[in-house]
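Just query31.txt here, compact mmCIF, C-alpha atoms:
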# COMPACT_ATOMS: atom_id res chain seq x y z
CA MET A 1 0.00 0.00 0.00
CA SER A 2 1.09 3.58 -0.45
CA TRP A 3 1.95 5.48 2.70
CA MET A 4 1.71 8.90 1.09
CA PRO A 5 -1.89 9.74 2.18
CA ALA A 6 -1.18 8.77 5.81
CA LEU A 7 2.06 10.77 5.86
CA ALA A 8 0.37 13.77 4.26
CA LEU A 9 -2.27 13.65 7.01
CA ALA A 10 0.43 13.30 9.67
CA GLY A 11 2.20 16.31 8.16
CA LEU A 12 -1.00 18.35 8.11
CA ILE A 13 -1.71 17.55 11.76
CA THR A 14 1.87 18.45 12.73
CA PHE A 15 1.54 21.76 10.89
CA ALA A 16 -1.80 22.45 12.62
CA THR A 17 -0.19 21.74 16.01
CA ARG A 18 2.63 24.19 15.27
CA LEU A 19 0.25 26.84 13.96
CA SER A 20 -2.31 26.44 16.77
CA PHE A 21 -1.36 29.16 19.24
CA ILE A 22 0.32 31.36 16.62
CA ALA A 23 -3.01 31.53 14.77
CA LEU A 24 -4.85 32.23 18.02
CA LEU A 25 -2.76 35.42 18.29
CA GLY A 26 -1.31 34.48 21.67
CA ARG A 27 -4.60 35.29 23.38
CA VAL A 28 -5.01 31.79 24.77
CA GLU A 29 -2.88 30.39 27.60
CA THR A 30 -1.78 26.75 27.47
CA PRO A 31 -3.58 24.76 30.18
CA PRO A 32 -1.12 24.06 33.06
CA LEU A 33 -1.96 20.33 33.08
CA LEU A 34 -1.04 20.07 29.38
CA THR A 35 2.25 21.88 29.99
CA ARG A 36 3.14 19.49 32.82
CA ALA A 37 2.03 16.39 30.87
CA LEU A 38 4.08 17.34 27.81
CA ARG A 39 7.28 17.31 29.85
CA PHE A 40 6.83 13.55 30.25
CA VAL A 41 6.37 12.88 26.54
CA PRO A 42 10.11 12.42 25.78
CA PRO A 43 10.97 9.99 28.60
CA ALA A 44 7.74 7.97 28.14
CA VAL A 45 7.77 7.72 24.35
CA LEU A 46 11.51 7.09 24.01
CA SER A 47 11.53 4.30 26.62
CA ALA A 48 8.43 2.73 25.11
CA ILE A 49 10.40 2.36 21.89
CA ILE A 50 13.75 1.37 23.43
CA PHE A 51 12.60 -1.41 25.78
CA PRO A 52 10.95 -3.73 23.21
CA GLU A 53 13.78 -3.12 20.72
CA LEU A 54 16.32 -4.43 23.24
CA LEU A 55 14.31 -7.07 25.12
CA VAL A 56 12.09 -8.76 22.56
CA LYS A 57 13.18 -10.84 19.59
CA ASP A 58 10.75 -12.65 17.29
CA GLY A 59 7.95 -12.05 19.81
CA ALA A 60 9.80 -13.65 22.74
CA LEU A 61 11.30 -11.94 25.80
CA ARG A 62 15.08 -12.48 25.87
CA LEU A 63 16.80 -11.27 29.04
CA GLY A 64 20.08 -13.23 28.86
CA LEU A 65 23.61 -12.26 27.84
CA GLY A 66 23.06 -14.16 24.60
CA ASN A 67 20.89 -11.25 23.40
CA ALA A 68 23.39 -9.11 21.47
CA ARG A 69 21.01 -6.13 21.13
CA LEU A 70 20.36 -6.04 24.88
CA VAL A 71 24.07 -6.13 25.78
CA ALA A 72 25.01 -3.57 23.11
CA GLY A 73 22.10 -1.38 24.22
CA VAL A 74 23.19 -1.45 27.88
CA ILE A 75 26.77 -0.54 26.87
CA ALA A 76 25.40 2.34 24.75
CA ALA A 77 23.21 3.45 27.67
CA ALA A 78 26.30 3.66 29.90
CA VAL A 79 28.02 5.83 27.26
CA ALA A 80 24.92 8.02 26.90
CA TRP A 81 24.63 8.44 30.66
CA ARG A 82 28.30 9.40 31.13
CA THR A 83 28.88 11.54 28.01
CA ARG A 84 25.45 12.77 26.80
CA ASN A 85 26.99 12.48 23.33
CA VAL A 86 24.53 11.24 20.68
CA LEU A 87 27.07 10.36 18.00
CA LEU A 88 29.42 8.58 20.41
CA THR A 89 26.50 6.58 21.83
CA ILE A 90 25.48 5.41 18.35
CA ALA A 91 29.08 4.61 17.35
CA VAL A 92 29.83 2.58 20.50
CA GLY A 93 26.46 0.80 20.36
CA MET A 94 26.85 -0.21 16.70
CA GLY A 95 30.45 -1.30 17.30
CA ALA A 96 29.39 -3.42 20.28
CA LEU A 97 26.55 -5.00 18.29
CA TRP A 98 28.83 -5.93 15.39
CA ILE A 99 31.42 -7.49 17.71
CA LEU A 100 28.76 -9.41 19.67
CA GLN A 101 27.07 -10.66 16.50
CA ALA A 102 30.43 -11.96 15.28
CA VAL A 103 31.23 -13.64 18.61
CA LEU A 104 27.86 -14.97 19.82
CA PRO A 105 26.28 -18.08 18.33
CA ARG A 106 23.15 -17.25 16.33
CA MET B 1 35.52 40.05 17.07
CA SER B 2 35.36 42.62 19.84
CA GLY B 3 37.02 45.20 17.60
CA SER B 4 34.18 45.03 15.12
CA ALA B 5 31.45 45.19 17.77
CA GLY B 6 29.13 48.10 17.24
CA ARG B 7 30.14 48.62 13.64
CA ASP B 8 28.87 45.46 12.01
CA PRO B 9 25.71 44.10 13.67
CA VAL B 10 26.05 40.78 11.86
CA TYR B 11 28.96 39.89 14.11
CA VAL B 12 27.42 41.02 17.38
CA SER B 13 25.72 37.73 18.03
CA ARG B 14 25.00 37.97 21.75
CA MET B 15 23.60 41.49 21.81
CA SER B 16 20.59 42.88 20.09
CA PRO B 17 21.94 45.33 17.56
CA ASN B 18 20.75 48.81 16.77
CA PRO B 19 17.56 48.22 14.79
CA SER B 20 18.15 51.08 12.38
CA THR B 21 21.13 49.25 10.86
CA LEU B 22 19.32 45.94 10.40
CA THR B 23 17.89 45.19 7.00
CA ARG B 24 15.78 42.17 6.06
CA ARG B 25 18.80 40.57 4.45
CA ARG B 26 21.01 41.06 7.48
CA GLU B 27 18.36 39.65 9.82
CA PHE B 28 17.99 36.63 7.53
CA LEU B 29 21.74 35.97 7.31
CA TRP B 30 22.12 36.50 11.06
CA GLY B 31 19.49 33.80 11.63
CA CYS B 32 21.25 31.43 9.22
CA ARG B 33 24.53 31.95 11.04
CA ASP B 34 23.08 31.39 14.53
CA GLU B 35 21.57 28.07 13.40
CA LEU B 36 24.86 26.71 11.99
CA PRO B 37 26.29 25.15 15.20
CA ILE B 38 23.01 23.22 15.68
CA LEU B 39 23.48 21.54 12.30
CA LEU B 40 26.38 19.51 13.67
CA GLY B 41 23.88 17.47 15.64
CA VAL B 42 21.07 17.61 13.08
CA ALA B 43 22.85 16.47 9.91
CA PRO B 44 23.93 13.04 11.23
CA PHE B 45 20.42 12.60 12.64
CA GLY B 46 18.93 13.29 9.19
CA MET B 47 21.29 10.79 7.59
CA ILE B 48 20.37 8.14 10.14
CA TYR B 49 16.68 8.80 9.52
CA GLY B 50 17.26 8.29 5.77
CA LEU B 51 19.12 5.04 6.42
CA LEU B 52 16.45 3.81 8.80
CA ALA B 53 13.51 4.65 6.55
CA ILE B 54 15.12 2.65 3.75
CA GLY B 55 15.89 -0.14 6.25
CA ALA B 56 12.22 -0.11 7.25
CA GLY B 57 11.30 -0.90 3.67
CA LEU B 58 9.97 2.54 2.69
CA PRO B 59 10.62 3.55 -0.91
CA ALA B 60 13.21 6.32 -1.37
CA SER B 61 10.56 8.78 -2.59
CA ILE B 62 8.34 8.31 0.49
CA SER B 63 11.34 8.48 2.85
CA GLN B 64 12.41 11.80 1.37
CA ALA B 65 8.86 13.16 1.14
CA MET B 66 8.30 12.49 4.85
CA SER B 67 11.19 14.84 5.68
CA ALA B 68 9.48 17.62 3.76
CA VAL B 69 5.87 16.87 4.76
CA VAL B 70 6.23 15.96 8.44
CA PHE B 71 9.58 17.72 9.07
CA ALA B 72 9.98 16.49 12.66
CA GLY B 73 12.96 14.27 13.50
CA SER B 74 11.75 12.01 16.29
CA ALA B 75 8.24 11.65 14.85
CA GLN B 76 9.72 10.56 11.52
CA PHE B 77 11.89 7.94 13.27
CA ILE B 78 8.87 6.55 15.08
CA ALA B 79 6.69 6.58 11.96
CA ALA B 80 9.37 4.66 10.03
CA GLN B 81 9.58 2.19 12.92
CA LEU B 82 5.81 1.63 13.03
CA ILE B 83 5.62 1.22 9.26
CA ARG B 84 8.39 -1.38 9.44
CA GLU B 85 6.37 -3.31 12.01
CA GLY B 86 3.28 -3.23 9.84
CA ALA B 87 1.18 -0.83 11.94
CA PRO B 88 -2.04 0.49 10.37
CA ALA B 89 -1.98 4.00 8.94
CA ALA B 90 -4.31 5.38 11.65
CA VAL B 91 -1.92 4.28 14.41
CA VAL B 92 1.01 5.94 12.59
CA VAL B 93 -0.92 9.20 12.27
CA VAL B 94 -2.11 9.27 15.91
CA THR B 95 1.38 8.41 17.22
CA VAL B 96 2.95 11.21 15.16
CA PHE B 97 0.31 13.56 16.58
CA VAL B 98 1.12 12.60 20.19
CA VAL B 99 4.89 12.78 19.67
CA ASN B 100 4.56 16.23 18.05
CA LEU B 101 2.15 17.64 20.64
CA ARG B 102 5.05 19.45 22.30
CA HIS B 103 5.12 21.80 19.30
CA ALA B 104 1.90 23.33 20.63
CA LEU B 105 3.99 24.62 23.54
CA TYR B 106 6.49 26.20 21.15
CA SER B 107 3.58 27.70 19.25
CA ALA B 108 2.22 29.29 22.42
CA SER B 109 5.69 30.53 23.34
CA VAL B 110 6.42 32.40 20.08
CA ALA B 111 2.82 33.48 19.37
CA PRO B 112 3.08 36.90 21.07
CA TYR B 113 6.13 37.80 18.96
CA LEU B 114 4.49 36.77 15.67
CA LYS B 115 1.23 38.59 16.42
CA PRO B 116 1.85 41.56 14.05
CA LEU B 117 2.62 39.34 11.04
CA ASN B 118 0.23 38.50 8.23
CA ARG B 119 -1.24 35.03 7.69
CA LYS B 120 1.33 34.00 5.09
CA TRP B 121 4.23 34.72 7.43
CA LYS B 122 2.51 32.96 10.33
CA ALA B 123 1.96 29.87 8.18
CA ILE B 124 5.57 29.78 6.91
CA LEU B 125 7.10 30.22 10.37
CA ALA B 126 4.71 27.66 11.88
CA TYR B 127 5.79 25.13 9.25
CA LEU B 128 9.44 25.78 10.21
CA LEU B 129 8.78 25.58 13.99
CA THR B 130 10.87 22.52 14.89
CA ASP B 131 12.70 21.84 18.17
CA GLU B 132 15.99 23.20 16.88
CA ALA B 133 14.56 26.27 15.14
CA TYR B 134 12.42 27.13 18.15
CA ALA B 135 15.38 26.91 20.53
CA VAL B 136 17.46 29.39 18.50
CA ALA B 137 14.64 31.77 17.50
CA VAL B 138 13.14 32.07 20.98
CA THR B 139 16.59 32.85 22.40
CA ARG B 140 16.68 35.90 20.14
CA TYR B 141 13.22 37.05 21.18
CA VAL B 142 13.98 36.59 24.87
CA ARG B 143 17.26 38.49 24.42
CA ASP B 144 15.36 41.42 22.93
CA GLY B 145 13.09 41.34 26.00
CA ASP B 146 10.64 44.21 26.41
CA ARG B 147 12.67 46.70 24.39
CA THR B 148 10.52 48.94 22.29
CA ASP B 149 13.24 49.72 19.72
CA VAL B 150 13.54 46.14 18.39
CA SER B 151 14.10 45.50 14.71
CA PRO B 152 10.89 45.41 12.67
CA PHE B 153 12.34 42.55 10.60
CA ARG B 154 12.86 39.96 13.33
CA HIS B 155 10.69 37.47 11.45
CA TRP B 156 13.41 37.41 8.78
CA TYR B 157 15.80 36.19 11.48
CA PHE B 158 13.33 33.40 12.34
CA LEU B 159 13.06 32.57 8.61
CA GLY B 160 16.86 32.34 8.32
CA VAL B 161 17.01 30.01 11.33
CA GLY B 162 14.19 27.79 10.07
CA LEU B 163 15.25 27.61 6.42
CA THR B 164 18.85 26.74 7.31
CA LEU B 165 17.58 23.82 9.34
CA TRP B 166 15.09 22.81 6.64
CA VAL B 167 17.70 22.70 3.86
CA SER B 168 20.16 20.72 5.96
CA TRP B 169 17.42 18.27 7.01
CA GLN B 170 16.39 17.62 3.39
CA CYS B 171 20.01 17.22 2.22
CA SER B 172 21.06 14.93 5.06
CA THR B 173 17.95 12.79 4.54
CA ALA B 174 18.84 12.46 0.86
CA VAL B 175 22.38 11.32 1.73
CA GLY B 176 21.00 8.74 4.19
CA VAL B 177 18.46 7.46 1.66
CA PHE B 178 21.15 7.20 -1.03
CA VAL B 179 23.60 5.35 1.23
CA GLY B 180 20.91 3.25 2.92
CA ALA B 181 19.81 1.69 -0.35
CA ARG B 182 23.34 0.28 -0.75
CA VAL B 183 23.94 -1.13 2.73
CA PRO B 184 23.30 -4.89 3.31
CA GLU B 185 20.82 -5.96 6.00
CA SER B 186 23.55 -7.84 7.92
CA TRP B 187 24.92 -4.46 9.07
CA SER B 188 21.85 -4.15 11.35
CA LEU B 189 21.53 -0.42 10.66
CA ASP B 190 17.99 -0.51 12.08
CA PHE B 191 19.70 -0.69 15.51
CA THR B 192 20.65 2.99 15.13
CA LEU B 193 17.05 3.84 16.07
CA PRO B 194 17.06 2.50 19.67
CA LEU B 195 20.64 3.79 20.03
CA THR B 196 19.57 7.29 19.01
CA PHE B 197 16.70 7.18 21.46
CA ILE B 198 18.95 5.84 24.25
CA ALA B 199 21.18 8.87 23.69
CA LEU B 200 18.18 11.23 23.76
CA VAL B 201 16.38 9.75 26.77
CA PHE B 202 19.06 10.40 29.39
CA PRO B 203 18.91 14.22 29.21
CA ALA B 204 15.12 13.86 29.63
CA LEU B 205 15.49 11.97 32.94
CA ARG B 206 15.80 15.10 35.04
CA SER B 207 13.60 14.06 37.97
CA GLY B 208 12.38 11.00 39.84
CA ALA B 209 9.01 11.51 38.18
CA ALA B 210 10.63 11.40 34.73
CA VAL B 211 12.48 8.18 35.63
CA ALA B 212 9.25 6.61 36.89
CA SER B 213 7.51 7.72 33.70
CA ALA B 214 10.26 6.18 31.52
CA LEU B 215 10.41 2.87 33.42
CA SER B 216 6.65 2.33 33.51
CA ALA B 217 6.28 3.18 29.81
CA GLY B 218 9.19 0.90 28.88
CA VAL B 219 7.93 -2.10 30.84
CA LEU B 220 4.36 -1.64 29.65
CA ALA B 221 5.54 -1.38 26.03
CA VAL B 222 7.14 -4.84 26.38
CA VAL B 223 4.06 -6.31 28.07
CA ALA B 224 1.67 -4.71 25.56
CA LEU B 225 3.71 -5.63 22.50
CA ALA B 226 1.19 -8.28 21.49
CA LEU B 227 -1.69 -5.77 21.34
CA PRO B 228 -3.30 -5.52 17.91
CA TYR B 229 -2.59 -2.63 15.51
CA LYS B 230 0.71 -1.85 17.29
CA LEU B 231 -1.25 0.12 19.89
CA GLY B 232 1.23 -0.90 22.61
CA LEU B 233 3.53 2.08 22.03
CA LEU B 234 0.69 4.58 22.28
CA LEU B 235 -0.79 2.93 25.39
CA ALA B 236 2.64 2.74 27.05
CA ALA B 237 3.33 6.41 26.29
CA VAL B 238 -0.01 7.59 27.69
CA VAL B 239 0.34 5.48 30.87
CA GLY B 240 3.97 6.65 31.25
CA ILE B 241 2.88 10.30 31.08
CA ALA B 242 0.12 9.63 33.66
CA VAL B 243 2.61 7.90 36.00
CA GLY B 244 5.01 10.86 35.69
CA LEU B 245 2.22 13.31 36.57
CA ALA B 246 1.07 11.17 39.52
CA VAL B 247 4.59 10.83 41.00
CA GLU B 248 5.16 14.56 40.58
CA ALA B 249 1.85 15.37 42.28
CA ARG B 250 2.64 13.13 45.27
CA ARG B 251 6.03 14.74 45.81
CA SER B 252 4.89 18.34 45.71
Represent the structure of the file as structure tokens.
Amino acid sequence: MSWMPALALAGLITFATRLSFIALLGRVETPPLLTRALRFVPPAVLSAIIFPELLVKDGALRLGLGNARLVAGVIAAAVAWRTRNVLLTIAVGMGALWILQAVLPR
Amino acid sequence: MSGSAGRDPVYVSRMSPNPSTLTRRREFLWGCRDELPILLGVAPFGMIYGLLAIGAGLPASISQAMSAVVFAGSAQFIAAQLIREGAPAAVVVVTVFVVNLRHALYSASVAPYLKPLNRKWKAILAYLLTDEAYAVAVTRYVRDGDRTDVSPFRHWYFLGVGLTLWVSWQCSTAVGVFVGARVPESWSLDFTLPLTFIALVFPALRSGAAVASALSAGVLAVVALALPYKLGLLLAAVVGIAVGLAVEARRS
């Protein structure tokens, strides 16, 4: 199927979100609850993507050291925590994954 | 640098210059220049998005079009991810909406400054209102403060900031798409997505409430993975936000 209509709609909604208060001429205050809730969007959404990517393979939970993505992800998390450097985190994580995939039995 | 201060406003980056010397062109170029350091972080991100979209099985044309149509880094990553997993279109659209909701805050924040502009300008600047453009543009507005003698062409500064980012995002996406089509699957380039998000999540964990929000959303996303229509991510995000709010409310 073509994804263009869905992406066009997603783009339109994103544009409407960005235009919202600008178009309202700044007369409307953002509700305080919304402001507080939005601060939790990054931690919640990012973790909700990260956890299954590292822990689940082919629909099964894999918590052991034999899971290359989990081990590489934990190493990358340590780098991210210490350095806050996006590029270094990606480089170390990919390097770790490649080494583990070469070493671990499939 | 200091020797030229006061003579050439283009080089006085941390002070608001005398408005009478600022033309539209100078405001525009000043905005372009202030956005440049941000591109260091944005260009690799755009390339990785291009790689990932191709890795997710999207055609090159759709991958590139998404950068122009949606023009929002993290939302594009998540959309590519959901498409790869075979999520229905409605789930992709709603997830993009939730992830981009924060832009409403940016909109509210810059709205007072854009009030005098006409509709065309408001629409253009709203389209360009990304995380990185907002951060730079709002810094300028806050720096100007309540001064009454501000430049009448400040929107050209905003345009310079936004367009610089836009061009670099389109170009870096194109590079990623081009390279991604030539990389074999055994390189596991799709793993750059969780790695990127791991790098981005730590700065967001600024409080106990944020940590609780992240952990609950992460665990629930694993538990809810089997939900139909890939609704697990959305459910986990909403519950995570609620947990963050609840923990924060208990502590204050």
Hey, which of B:Ala75, B:Ala135, B:Ala80, B:Val69 ends up closest to chain A? Count all atoms listed in the file.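 Ranking B:Ala75, B:Ala135, B:Ala80, B:Val69 by distance to chain A, first place goes to B:Val69.
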At a cut-off of 7 Å, list the chain A residues touching chain B, using all atoms listed in the file, as a ChimeraX atom specification. /A:4,6-8,10-11,13-15,17-22,25-26,30,37-38,40-53,73,76-77,80-81,84-86,89-90,93
Between B:Pro228, B:Pro37, B:Gly86, B:Gly208, which residue has the minimum interatomic distance to Glu132 of chain B, considering only C-alpha atoms? B:Pro37
Could you state the separation of atom CA of Val74 of chain A and atom CA of Met94 of chain A in Å, given to one decimal place?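 One can read the atom CA of Val74 of chain A to atom CA of Met94 of chain A distance as 11.8 Å.
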Which value, in Å to one decimal, gives the distance between atom CA of Leu55 of chain A and atom CA of Val103 of chain A?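 Value for the atom CA of Leu55 of chain A-atom CA of Val103 of chain A distance: 19.3 Å.
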Take the point (22.3, 8.0, 5.3) as written in the file and pick out every residue within 6 Å of it, counting all atoms listed in the file; give the list as a short mmCIF file (atom, residue, chain, number, x, y, z; two decimals) with C-alpha atoms, in the coordinates of the input.
data_model
loop_
_atom_site.label_atom_id
_atom_site.label_comp_id
_atom_site.auth_asym_id
_atom_site.auth_seq_id
_atom_site.Cartn_x
_atom_site.Cartn_y
_atom_site.Cartn_z
CA MET B 47 21.29 10.79 7.59
CA ILE B 48 20.37 8.14 10.14
CA GLY B 50 17.26 8.29 5.77
CA LEU B 51 19.12 5.04 6.42
CA VAL B 175 22.38 11.32 1.73
CA GLY B 176 21.00 8.74 4.19
CA VAL B 177 18.46 7.46 1.66
CA VAL B 179 23.60 5.35 1.23
CA GLY B 180 20.91 3.25 2.92
#
Just the residues within 8 Å of segment 167-169 of chain B, please, counting all atoms listed in the file, with nothing from its chain fewer than 4 positions along; format it as a PyMOL selection string. chain B and resi 39+42-43+46+67+163+173
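Atom CA of Trp121 of chain B sits 17.6 Å away from atom CA of Leu29 of chain B.
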Edge lengths and centre, in Å to one decimal, as JSON: that's what I need for the box along x, y and z that holds all listed atoms of segment 114-119 of chain B plus 8 Å on each side.
{"center_x": 1.6, "center_y": 38.3, "center_z": 12.1, "size_x": 21.7, "size_y": 22.5, "size_z": 24.7}
